[in-house]
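Student: Can you keep this structure in mind? I'll have questions shortly.
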Amino acid sequence: MIAKVKSCGLLGIDGYIVDVETDITNGMPAFDVVGLPDAAVKESRERVRAAMRNSELNFPQKRITVNLAPANIRKEGPFYDLPICLGLLRSSGQLPGDEADEYLFLGELSLNGRLRPVIGALPMVLCAAEAGIKKVILPQENAAEAAVAEGITVYPAKTLSEIMAHFLQVERLKPLTVNVDEIFKEQEAFAPDFSDVKGQESVKRALEVAAAGGHNILLIGSPGSGKTMLAQRLPGILPRPTLAEALEITKIHSIAGLLPSDTPLVTTRPFRSPHHTISAVGLSGGGQIPRPGEVSLSHNGVLFLDELPEFSKNALEVLRQPLEDGVVTISRVNATLTYPCSTMLVAAMNPCKCGYHGDPVRECTCSDAQIHQYLSRVSGPLLDRIDLHVEVPAVPYSDLKNKQPGETSAAIRARVNAARERQMQRFSASPGIFCNAQMSARMTEEFCALGKEESALMQSVFDHLGLSARAYNRIVKVARTIADLDKSDTIQAAHLAEAIQYRTLDRKYW
């Protein structure tokens, strides 16, 4: 007898429907799984066999064939255990009726019949909802995450026996619902406050501009000037993510297996700070079994690279395409996966190996050749993709002893939110565009038009500094953000001049 139940697989951050077809026929006992299964899927045969016997269910001693369709996509992971098991139960007549046709099933089985949580539950349930499936049964630990999806009823289960009791009408499973608005309120927490930072008003202004427009920023300064402290406070002034952004963040963390069991939806922007020994694959994503890297895990948030020149050249150069396109594409023989990575890059570095090149007090011990070698670890093409280059001077003693608290993150965040609201209204007809940094070339031409005075200033600077076309586009985007902070509908000369000054520091060092 042939039976079919529905499950789901993962391609990148999106799911796809998998039909689990089961056929039981007379013949020598065998259990074959076809449809390009990986080792974890093949091993499900033993888990399913033990789980059925330990749940007091009969495992058919016949020839069993399980097909995972579509057969041209490689199936990975243990979340096909439950659908394979239920397909066997339907095919052997132990699971009566056609009610199971209305459900999608996900879950790994332990040998005693308990359900173990799986990764990627949210993207798979969202895929099921888009496919018109109205109900899903999955492990209890994944239920809250899956219940965030709209248009589908989520039934959490602890054991295989509970699922059998549900379909045999002995004891029905209870659906789980979550309140997304309450989740946003519960997780409304911010990073350390900017009021802790003494002085550095110009750097705070640059970080405010970066946050308001989603721009990349590079901080250059001597050791102890506060670069890391300032960067760690950046998430506290970023606007709260929209529901669409929160779902994308949650999907990526779910696929990577980094979603805490008590966090059904990530409602705060991620802040990722990998160590400089990270590999290119760890930063961009990939591996034998492709997984999202740090640049994707920081999607819709901040990727902080401290001690930028200490990262390997391969790791830094691999960032060039993701920073430009907002996606990472990983190609393999059997599939091509795409992970989103629309992130704010915040980088910090010293001006030389010893850290005191250009310092007014401490003497630099590096030779010109050593300084050049150190700075050349950061390539020109990568620098060109960073919108703001900011020098972080040493903090004077008078600022350290000043007892007057600095401006709070809440006050800065209010201005950032106001600027982002103007951008959201501007891009209301462009789905997927949330801030100025994400504007396409056509949108930049439309929304960043320069007047006669501003054009003359831009031409003068362009010729004098030898800027690239990419640098020009990034300058006008930053100027558009500064105008938004100033509540101006047009880019004025003052806005453009401030944006230009953020692109002159690389001429000093490079």
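All residue names refer to the structure tokens as shown: chains lettered A, B, ... in order, residues numbered from 1 in each chain, ligands numbered from 1 in order.
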List as an NGL selection string the protein and nucleic acid residues near A:Ala348, meaning an atom at most 7 Å away when only C-alpha atoms are counted, but skip any in the same chain fewer than 6 places from it.
Tutor: :A and (218-220 or 227 or 305-308)
Student: Using 12 Å as the limit and counting only C-alpha atoms, can you tabulate each residue of stretch 197-304 of chain A that touches stretch 71-93 of chain A, with its shortest atom-to-atom distance in Å and the two atoms involved, as JSON lines?
Tutor:
{"residue": "A:Ile255", "atom": "CA", "partner": "A:Gly77", "partner_atom": "CA", "distance": 11.2}
{"residue": "A:Gln288", "atom": "CA", "partner": "A:Glu76", "partner_atom": "CA", "distance": 11.7}
{"residue": "A:Ile289", "atom": "CA", "partner": "A:Glu76", "partner_atom": "CA", "distance": 8.6}
{"residue": "A:Pro290", "atom": "CA", "partner": "A:Glu76", "partner_atom": "CA", "distance": 10.7}
Student: Taking the backbone alone, and naming residues the way the document does, which bits of stretch 229-474 of chain A are strand (DSSP E) by DSSP, as an MDAnalysis selection string?
Tutor: chainID A and resid 271:272 285:286 291:292 302:306 327:331 336:340 344:349 388:392
Student: Extract, using only C-alpha atoms, all DNA, RNA and protein residues at most 10 Å from A:Cys435, discarding same-chain residues fewer than 6 positions from it, and format them as a list in words.
Tutor: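 Residues near the query, excluding close chain neighbours: Ala211, Ala212, Gly213, Gly214, His215, Ala419, Arg420, Glu421, Arg422, Gln423, Met424, Arg426, Phe427, Lys477 and Thr481 of chain A.
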Student: How many Å separate atom CA of A:Ala437 from atom CA of A:Asn473?
Tutor: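 The value is 9.8 Å.
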Student: Within 7 Å of A:Val20, counting only C-alpha atoms, which residues qualify if same-chain residues fewer than 2 places away don't, as JSON, numbers by chain?
Tutor: {"A": [4, 5, 6, 7, 18, 22, 66, 67, 68, 69, 83, 84]}
Student: Which is closest to A:Thr153 among A:Val392, A:Ser460, A:Glu102, A:Leu115, if we use only C-alpha atoms?
Tutor: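 Nearest to A:Thr153: A:Glu102.
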Student: Just want the 12 Å neighbourhood of A:Cys341, counted on only C-alpha atoms, with same-chain residues fewer than 3 positions away dropped. Output as an mmCIF file with C-alpha atoms, in the first residue's frame.
Tutor:
data_model
loop_
_atom_site.group_PDB
_atom_site.id
_atom_site.type_symbol
_atom_site.label_atom_id
_atom_site.label_comp_id
_atom_site.auth_asym_id
_atom_site.auth_seq_id
_atom_site.Cartn_x
_atom_site.Cartn_y
_atom_site.Cartn_z
ATOM 1 C CA ILE A 13 16.778 30.529 4.125
ATOM 2 C CA GLU A 245 13.015 42.333 9.108
ATOM 3 C CA GLU A 248 14.336 37.424 8.144
ATOM 4 C CA ILE A 249 16.671 37.671 11.153
ATOM 5 C CA ILE A 252 18.720 32.927 9.463
ATOM 6 C CA PRO A 270 21.935 41.416 15.757
ATOM 7 C CA LEU A 283 32.744 35.108 7.599
ATOM 8 C CA SER A 284 30.848 34.705 4.325
ATOM 9 C CA GLY A 285 29.220 31.298 4.822
ATOM 10 C CA PRO A 292 25.229 31.151 6.842
ATOM 11 C CA GLY A 293 28.369 33.017 7.897
ATOM 12 C CA GLU A 294 28.826 35.991 10.201
ATOM 13 C CA VAL A 295 27.916 38.496 7.476
ATOM 14 C CA SER A 296 24.497 36.792 7.089
ATOM 15 C CA LEU A 297 24.006 36.292 10.831
ATOM 16 C CA SER A 298 24.323 40.077 11.149
ATOM 17 C CA HIS A 299 21.635 40.649 8.469
ATOM 18 C CA ASN A 300 19.545 43.740 9.320
ATOM 19 C CA GLY A 301 21.999 44.458 12.120
ATOM 20 C CA VAL A 302 25.687 45.234 12.700
ATOM 21 C CA LEU A 303 28.823 43.312 11.741
ATOM 22 C CA LEU A 319 33.236 40.780 1.904
ATOM 23 C CA ARG A 320 33.423 42.975 -1.179
ATOM 24 C CA GLN A 321 30.596 41.373 -3.147
ATOM 25 C CA PRO A 322 28.217 40.864 -0.166
ATOM 26 C CA LEU A 323 28.608 44.494 0.924
ATOM 27 C CA GLU A 324 27.732 45.631 -2.595
ATOM 28 C CA ASP A 325 24.871 43.233 -3.378
ATOM 29 C CA GLY A 326 23.402 42.509 0.062
ATOM 30 C CA VAL A 327 23.413 38.744 -0.604
ATOM 31 C CA VAL A 328 25.914 35.877 -0.401
ATOM 32 C CA THR A 329 25.682 33.214 -3.117
ATOM 33 C CA THR A 338 21.621 32.475 -1.447
ATOM 34 C CA MET A 344 25.976 47.588 8.548
ATOM 35 C CA LEU A 345 29.723 47.018 8.535
ATOM 36 C CA GLN A 438 20.062 50.166 0.165
#
Student: Please return as a ChimeraX atom specification: the residues of stretch 76-300 of chain A that backbone DSSP assigns to helix (DSSP H, G or I).
Tutor: /A:81-91,99-102,121-130,140-146,160-167,180-186,194-196,201-213,227-232,234-237,243-255,280-284,294-297
Student: Can you spit out the residues from that selection as a compact mmCIF listing (two decimals), in the first residue's frame, using C-alpha atoms?
Tutor:
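New file again-v4.txt:
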# COMPACT_ATOMS: atom_id res chain seq x y z
CA ASP A 81 12.21 11.08 10.76
CA LEU A 82 8.65 11.93 11.80
CA PRO A 83 7.10 12.09 8.30
CA ILE A 84 8.83 8.82 7.30
CA CYS A 85 7.50 7.15 10.44
CA LEU A 86 3.94 8.41 9.90
CA GLY A 87 4.11 7.37 6.26
CA LEU A 88 4.97 3.82 7.39
CA LEU A 89 2.10 3.86 9.87
CA ARG A 90 -0.35 5.02 7.19
CA SER A 91 0.95 2.53 4.65
CA GLU A 99 -6.83 13.61 8.15
CA ALA A 100 -3.02 13.49 7.94
CA ASP A 101 -3.25 14.92 4.40
CA GLU A 102 -4.08 18.30 5.96
CA ALA A 121 11.42 25.37 11.70
CA LEU A 122 10.25 28.93 10.97
CA PRO A 123 11.25 29.09 7.27
CA MET A 124 9.76 25.63 6.69
CA VAL A 125 6.45 26.54 8.34
CA LEU A 126 6.32 29.81 6.39
CA CYS A 127 6.81 27.75 3.22
CA ALA A 128 3.96 25.45 4.25
CA ALA A 129 1.65 28.42 4.81
CA GLU A 130 2.50 29.80 1.36
CA GLN A 140 7.31 21.15 21.26
CA GLU A 141 10.63 23.07 21.43
CA ASN A 142 10.03 24.46 17.93
CA ALA A 143 6.37 25.31 18.42
CA ALA A 144 6.68 28.92 19.61
CA GLU A 145 9.05 29.75 16.75
CA ALA A 146 6.72 28.17 14.19
CA LEU A 160 5.17 9.80 18.69
CA SER A 161 2.50 8.30 20.96
CA GLU A 162 0.89 11.73 21.41
CA ILE A 163 0.64 12.14 17.64
CA MET A 164 -0.96 8.70 17.27
CA ALA A 165 -3.45 9.54 20.04
CA HIS A 166 -4.29 12.76 18.19
CA PHE A 167 -5.17 11.00 14.92
CA VAL A 180 3.86 38.95 18.16
CA ASP A 181 3.24 42.39 19.69
CA GLU A 182 3.90 40.99 23.17
CA ILE A 183 7.13 39.38 21.95
CA PHE A 184 8.34 42.75 20.67
CA LYS A 185 7.56 44.35 24.04
CA GLU A 186 9.21 41.59 26.08
CA PHE A 194 26.05 56.36 24.73
CA SER A 195 25.86 58.47 27.89
CA ASP A 196 28.77 56.36 29.22
CA GLU A 201 31.17 64.17 19.97
CA SER A 202 32.27 64.12 16.32
CA VAL A 203 32.45 60.32 16.33
CA LYS A 204 29.02 60.06 17.96
CA ARG A 205 27.67 62.28 15.19
CA ALA A 206 29.19 60.01 12.54
CA LEU A 207 27.68 56.92 14.19
CA GLU A 208 24.30 58.67 14.31
CA VAL A 209 24.51 59.35 10.56
CA ALA A 210 25.55 55.73 9.94
CA ALA A 211 22.64 54.41 12.02
CA ALA A 212 20.12 56.74 10.38
CA GLY A 213 20.99 55.57 6.87
CA LYS A 227 36.57 52.67 19.18
CA THR A 228 35.21 49.37 20.52
CA MET A 229 33.19 51.09 23.24
CA LEU A 230 31.51 53.33 20.67
CA ALA A 231 30.77 50.47 18.27
CA GLN A 232 29.20 48.35 21.02
CA LEU A 234 25.61 51.45 18.10
CA PRO A 235 22.77 48.86 18.35
CA GLY A 236 21.21 51.03 21.08
CA ILE A 237 20.47 53.82 18.59
CA LEU A 243 8.12 42.45 11.48
CA ALA A 244 9.43 41.62 8.00
CA GLU A 245 13.02 42.33 9.11
CA ALA A 246 12.52 40.37 12.36
CA LEU A 247 11.26 37.34 10.41
CA GLU A 248 14.34 37.42 8.14
CA ILE A 249 16.67 37.67 11.15
CA THR A 250 14.87 34.80 12.89
CA LYS A 251 14.95 32.58 9.80
CA ILE A 252 18.72 32.93 9.46
CA HIS A 253 19.37 32.26 13.16
CA SER A 254 16.98 29.30 13.07
CA ILE A 255 18.80 27.72 10.11
CA ALA A 280 36.77 33.39 4.88
CA VAL A 281 34.11 30.64 4.98
CA GLY A 282 33.22 31.49 8.58
CA LEU A 283 32.74 35.11 7.60
CA SER A 284 30.85 34.70 4.33
CA GLU A 294 28.83 35.99 10.20
CA VAL A 295 27.92 38.50 7.48
CA SER A 296 24.50 36.79 7.09
CA LEU A 297 24.01 36.29 10.83
Student: Please identify all polymer residues within 12 Å of stretch 364-366 of chain A, counting only C-alpha atoms, omitting same-chain residues fewer than 2 positions from it, and present them as a PyMOL selection string.
Tutor: chain A and resi 222+350-362+368-375
Student: Give me the residues near A:Pro139 as number ranges by chain, where near means some atom within 10 Å (using only C-alpha atoms) and where sequence neighbours in that chain fewer than 5 positions away do not count.
Tutor: A: 79, 82, 105-109, 114-118, 121, 155-160
Student: Restricted to all heavy atoms, what would the selected residues look like written as a compact mmCIF listing (two decimals), in the first residue's frame?
Tutor:
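part02.txt, freshly written:
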# COMPACT_ATOMS: atom_id res chain seq x y z
N PHE A 79 15.12 16.00 10.08
CA PHE A 79 13.72 16.34 10.33
C PHE A 79 12.74 15.55 9.45
O PHE A 79 11.54 15.81 9.48
CB PHE A 79 13.45 17.84 10.16
CG PHE A 79 14.27 18.54 9.12
CD1 PHE A 79 13.98 18.40 7.77
CD2 PHE A 79 15.33 19.34 9.50
CE1 PHE A 79 14.73 19.05 6.82
CE2 PHE A 79 16.08 19.99 8.54
CZ PHE A 79 15.80 19.85 7.20
N LEU A 82 10.07 12.01 11.47
CA LEU A 82 8.65 11.93 11.80
C LEU A 82 7.79 11.67 10.57
O LEU A 82 6.93 10.77 10.61
CB LEU A 82 8.21 13.22 12.52
CG LEU A 82 6.73 13.28 12.91
CD1 LEU A 82 6.39 12.13 13.86
CD2 LEU A 82 6.39 14.62 13.55
N PHE A 105 4.53 17.68 8.53
CA PHE A 105 5.19 17.07 9.68
C PHE A 105 6.68 17.35 9.64
O PHE A 105 7.34 17.22 8.60
CB PHE A 105 4.96 15.55 9.68
CG PHE A 105 3.51 15.15 9.76
CD1 PHE A 105 2.80 14.86 8.60
CD2 PHE A 105 2.86 15.09 10.97
CE1 PHE A 105 1.46 14.50 8.65
CE2 PHE A 105 1.52 14.72 11.05
CZ PHE A 105 0.81 14.43 9.87
N LEU A 106 7.24 17.70 10.80
CA LEU A 106 8.67 17.93 10.97
C LEU A 106 9.09 17.35 12.31
O LEU A 106 8.35 17.47 13.29
CB LEU A 106 8.99 19.43 10.96
CG LEU A 106 8.65 20.25 9.71
CD1 LEU A 106 8.80 21.74 10.02
CD2 LEU A 106 9.53 19.85 8.56
N GLY A 107 10.26 16.77 12.38
CA GLY A 107 10.74 16.33 13.67
C GLY A 107 11.74 15.19 13.58
O GLY A 107 11.62 14.31 12.73
N GLU A 108 12.73 15.25 14.46
CA GLU A 108 13.68 14.15 14.62
C GLU A 108 13.18 13.24 15.73
O GLU A 108 12.67 13.71 16.76
CB GLU A 108 15.05 14.70 14.98
CG GLU A 108 16.09 13.63 15.24
CD GLU A 108 17.41 14.18 15.74
OE1 GLU A 108 17.60 15.41 15.65
OE2 GLU A 108 18.25 13.39 16.23
N LEU A 109 13.31 11.94 15.53
CA LEU A 109 12.86 10.97 16.52
C LEU A 109 14.04 10.43 17.32
O LEU A 109 15.09 10.11 16.75
CB LEU A 109 12.15 9.81 15.84
CG LEU A 109 10.74 10.07 15.30
CD1 LEU A 109 10.27 8.87 14.49
CD2 LEU A 109 9.76 10.36 16.43
N ARG A 114 10.51 9.92 21.48
CA ARG A 114 10.37 11.34 21.77
C ARG A 114 10.81 12.16 20.57
O ARG A 114 11.65 11.74 19.78
CB ARG A 114 11.20 11.74 22.99
CG ARG A 114 10.68 11.16 24.30
CD ARG A 114 11.39 11.80 25.50
NE ARG A 114 11.08 13.22 25.61
CZ ARG A 114 10.01 13.71 26.21
NH1 ARG A 114 9.12 12.90 26.74
NH2 ARG A 114 9.82 15.01 26.27
N LEU A 115 10.24 13.36 20.43
CA LEU A 115 10.58 14.25 19.33
C LEU A 115 11.66 15.22 19.77
O LEU A 115 11.54 15.85 20.83
CB LEU A 115 9.34 15.02 18.86
CG LEU A 115 8.53 14.39 17.73
CD1 LEU A 115 7.88 13.09 18.20
CD2 LEU A 115 7.46 15.35 17.23
N ARG A 116 12.69 15.32 18.97
CA ARG A 116 13.77 16.27 19.22
C ARG A 116 13.58 17.50 18.33
O ARG A 116 13.07 17.39 17.21
CB ARG A 116 15.13 15.63 18.93
CG ARG A 116 15.48 14.44 19.81
CD ARG A 116 16.85 13.92 19.43
NE ARG A 116 17.21 12.74 20.20
CZ ARG A 116 17.79 12.77 21.40
NH1 ARG A 116 18.05 13.94 21.97
NH2 ARG A 116 18.11 11.65 22.01
N PRO A 117 14.01 18.65 18.81
CA PRO A 117 13.86 19.87 17.99
C PRO A 117 14.74 19.82 16.74
O PRO A 117 15.75 19.13 16.70
CB PRO A 117 14.29 20.99 18.94
CG PRO A 117 15.18 20.32 19.95
CD PRO A 117 14.63 18.94 20.12
N VAL A 118 14.33 20.59 15.73
CA VAL A 118 15.07 20.67 14.47
C VAL A 118 15.43 22.13 14.21
O VAL A 118 14.87 23.05 14.81
CB VAL A 118 14.21 20.12 13.30
CG1 VAL A 118 13.93 18.65 13.51
CG2 VAL A 118 12.92 20.91 13.14
N ALA A 121 12.86 25.61 11.63
CA ALA A 121 11.42 25.37 11.70
C ALA A 121 10.63 26.54 11.12
O ALA A 121 9.65 26.34 10.38
CB ALA A 121 11.00 25.12 13.15
N TYR A 155 0.66 22.61 16.00
CA TYR A 155 0.37 21.64 17.05
C TYR A 155 1.71 21.10 17.59
O TYR A 155 2.39 20.33 16.91
CB TYR A 155 -0.47 20.47 16.52
CG TYR A 155 -1.87 20.86 16.11
CD1 TYR A 155 -2.14 21.28 14.81
CD2 TYR A 155 -2.92 20.81 17.01
CE1 TYR A 155 -3.42 21.63 14.42
CE2 TYR A 155 -4.22 21.16 16.64
CZ TYR A 155 -4.46 21.57 15.34
OH TYR A 155 -5.73 21.93 14.97
N PRO A 156 2.10 21.47 18.81
CA PRO A 156 3.32 20.92 19.39
C PRO A 156 3.10 19.51 19.93
O PRO A 156 2.03 19.21 20.46
CB PRO A 156 3.64 21.90 20.51
CG PRO A 156 2.33 22.50 20.90
CD PRO A 156 1.47 22.50 19.66
N ALA A 157 4.12 18.66 19.79
CA ALA A 157 4.02 17.30 20.30
C ALA A 157 5.33 16.92 20.96
O ALA A 157 6.41 17.35 20.54
CB ALA A 157 3.70 16.33 19.16
N LYS A 158 5.23 16.09 22.00
CA LYS A 158 6.41 15.62 22.71
C LYS A 158 6.86 14.24 22.24
O LYS A 158 8.05 13.96 22.22
CB LYS A 158 6.14 15.57 24.22
CG LYS A 158 5.89 16.93 24.86
CD LYS A 158 5.64 16.76 26.36
CE LYS A 158 5.36 18.10 27.04
NZ LYS A 158 5.08 17.92 28.49
N THR A 159 5.90 13.38 21.92
CA THR A 159 6.23 12.00 21.58
C THR A 159 5.43 11.53 20.37
O THR A 159 4.42 12.13 20.00
CB THR A 159 5.94 11.05 22.75
OG1 THR A 159 4.52 11.05 23.00
CG2 THR A 159 6.67 11.49 24.02
N LEU A 160 5.90 10.44 19.78
CA LEU A 160 5.17 9.80 18.69
C LEU A 160 3.83 9.28 19.17
O LEU A 160 2.83 9.33 18.44
CB LEU A 160 6.03 8.65 18.13
CG LEU A 160 5.45 7.83 16.99
CD1 LEU A 160 5.13 8.71 15.79
CD2 LEU A 160 6.42 6.70 16.60
Student: Which of these residues is nearest to A:Leu383, using only C-alpha atoms: A:Ser440, A:Thr504, A:Asn417, A:Gln459?
Tutor: A:Thr504
Student: Provide the atom CA of A:Gly12 to atom CA of A:Ser342 distance in Å, to one decimal place.
Tutor: 15.2 Å
